[in-house]
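To start, the structure under review is shown below, and the notes come after it.
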Amino acid sequence: MAKPSKSDRRAVVDSIRKQQRGADRSRGFAIVGVCVFVALLIVVLAAYQPVKDWWDTRKFNSISLASIGKPAAVCQKVTTLKADGNQQHVPTGQLVTYTTAPPAFGPHWNEQGVAPVAMSRKFYTRGDRPALEALVHNLEHGYTILWYDDTVSAAQINEIRAIGAKFPGDTNFRYKFIAVPWLPADAKSIGKSFPKGTHVAFTHWSAGGNGETDTTKQVGAFQYCSDVSGAALKTFMTTYPYTDSPEPGAM
């Protein structure tokens, strides 16, 4: 058999190289395609929850705060306790053992950018809720906080989100409102939880009246509910506006 000529061998080598370059291009295209797919998946996943939240709560856009959730009858009467902790700032990171579940007053953090929590955001989940010590500073500044426990349903969460949407922005101090979860760890650390049969609570740090400066008149106001009630919250915040707090003039 005749030996292949140099030109034949070169043709074979060139063919192999051409095939290799084609395979490399195919692998490159595949890698780029996978990268594009992963990037698109990340974008879709990032956008999914906000879009879903908007979709789930859109039906509440055209109704009033008082129409969200159940009637005010699902809530107990408001109770108050003598407050302490006004201007009692502790170092950020230092834990405070509060005496009520949830807290309405007490020592708290005072680090800029950490406490009080920004007014622009109205709803928090279990995964991103600020520390109690930061939230109590918000209470000192006139906020009403809605607390919800682990038993609330997805439908109730949507109602709470919709309630938060009724207090938009960070310029109107009448909208000093935050909704946050009450965590099992909170109940464990305090040794108390919500009264039996209740799963939602409102708290407010009252100065004892609009413009009151006598700290001995300060009280914490509490209202516990078996269900979500925008009607009860509206009455609570009318009774205890942001102006009825130790430090109403700040964020």
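Ordering of the structure tokens sets the chain letters (A, B, ...); residue numbers start at 1 within each chain; ligands are numbered from 1 in the order shown.
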
Contacts of region 61-78 of chain A within 8 Å, only C-alpha atoms, excl. fewer than 4 positions in-chain, as a PyMOL selection string: chain A and resi 57+156+159+162-163+166+221-234

Those in region 92-162 of chain A with helix (DSSP H, G or I) from DSSP, as a VMD selection string: chain A and resid 132 to 140 154 to 162

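Once region 83-92 of chain A and its same-chain neighbours fewer than 4 positions away are set aside, A:Phe105, A:Gly106, A:Pro107, A:His108, A:Trp109, A:Asn110, A:Glu111, A:Gln218, A:Val219, A:Gly220 remain within 7 Å of it when counting only C-alpha atoms.
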
Requested write-out: N, CA, C and O atoms of the selected residues, as a compact mmCIF listing (two decimals), in the first residue's frame:
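Ended up saving to out.txt:
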# COMPACT_ATOMS: atom_id res chain seq x y z
N PHE A 105 -42.30 50.13 74.61
CA PHE A 105 -41.42 51.14 75.18
C PHE A 105 -40.20 50.43 75.75
O PHE A 105 -40.15 49.19 75.80
N GLY A 106 -39.23 51.22 76.20
CA GLY A 106 -38.06 50.66 76.86
C GLY A 106 -36.76 51.18 76.28
O GLY A 106 -36.74 51.93 75.29
N PRO A 107 -35.62 50.80 76.87
CA PRO A 107 -34.31 51.17 76.32
C PRO A 107 -34.17 50.66 74.90
O PRO A 107 -34.80 49.66 74.51
N HIS A 108 -33.31 51.32 74.11
CA HIS A 108 -33.25 50.98 72.69
C HIS A 108 -31.96 51.48 72.08
O HIS A 108 -31.22 52.26 72.68
N TRP A 109 -31.69 51.02 70.85
CA TRP A 109 -30.52 51.49 70.10
C TRP A 109 -30.77 52.88 69.54
O TRP A 109 -31.90 53.32 69.40
N ASN A 110 -29.64 53.56 69.20
CA ASN A 110 -29.76 54.93 68.68
C ASN A 110 -28.68 55.21 67.65
O ASN A 110 -28.21 56.33 67.52
N GLU A 111 -28.28 54.21 66.87
CA GLU A 111 -27.23 54.40 65.87
C GLU A 111 -27.82 54.85 64.55
O GLU A 111 -28.74 54.23 64.03
N GLN A 218 -46.06 59.01 80.51
CA GLN A 218 -45.89 58.15 79.35
C GLN A 218 -46.41 56.74 79.62
O GLN A 218 -46.22 56.19 80.70
N VAL A 219 -47.07 56.17 78.59
CA VAL A 219 -47.58 54.80 78.70
C VAL A 219 -47.33 54.07 77.38
O VAL A 219 -47.18 54.70 76.33
N GLY A 220 -47.30 52.77 77.46
CA GLY A 220 -47.32 51.95 76.27
C GLY A 220 -48.74 51.49 76.03
O GLY A 220 -49.43 51.05 76.96

All strand (DSSP E or B) residues (DSSP, backbone) inside region 62-224 of chain A, as a VMD selection string: chain A and resid 69 75 79 to 82 89 108 123 144 to 148 177 to 181 200 to 206 219 to 224

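Considering only C-alpha atoms, the residue among A:Phe123, A:Tyr175, A:Phe236, A:Phe167 positioned nearest to Phe202 (chain A) is A:Phe236.
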
Do you know which residues are at most 6 Å from Glu140 (chain A) counting only C-alpha atoms, after dropping those on the same chain fewer than 4 positions away, and could you put them as a compact mmCIF listing (two decimals) with N, CA and C atoms, in the first residue's frame?
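Dumped to selection-v2.txt:
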# COMPACT_ATOMS: atom_id res chain seq x y z
N TRP A 205 -46.04 54.01 71.69
CA TRP A 205 -45.45 54.63 72.89
C TRP A 205 -46.07 56.01 73.03
N PRO A 246 -43.04 60.45 72.70
CA PRO A 246 -41.95 61.21 73.34
C PRO A 246 -41.16 62.07 72.38
N GLU A 247 -40.95 61.59 71.13
CA GLU A 247 -40.12 62.31 70.17
C GLU A 247 -40.83 62.37 68.81

Test item: residues at most 12 Å from His204 (chain A), only C-alpha atoms, excluding those fewer than 2 positions along its chain, as an MDAnalysis selection string: chainID A and resid 78:81 83 102:106 135:147 176:178 201:202 206:208 218:223 233 236:246 248

Counting only C-alpha atoms, the option among A:Glu133, A:Ile160, A:Ala101, A:Gly127 closest to Ile190 (chain A): A:Ala101

Distance in Å - CA of Lys192 (chain A) versus CA of Val152 (chain A):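 Between CA of Lys192 (chain A) and CA of Val152 (chain A) the gap works out to 18.3 Å.
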
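Considering the residues A:Ala155, A:Gly209, A:Ala131, A:Pro116 and counting only C-alpha atoms, Val96 (chain A) has its shortest atom-to-atom contact with A:Ala131.
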
Nearest candidate to Ile157 (chain A) (options A:Ser15, A:Thr215, A:Thr171, A:Thr125; using only C-alpha atoms): A:Thr125

Leu183 (chain A) environment, 9 Å, only C-alpha atoms, sequence neighbours closer than 2 positions dropped, as a list in words: Arg126, Tyr148, Asp149, Asp150, Pro181, Ala185, Asp186, Ala187 and Lys188 of chain A

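Closest to Gly113 (chain A) among A:Ala134, A:Val200, A:Ala11, A:Ala154 is A:Ala134, based on only C-alpha atoms.
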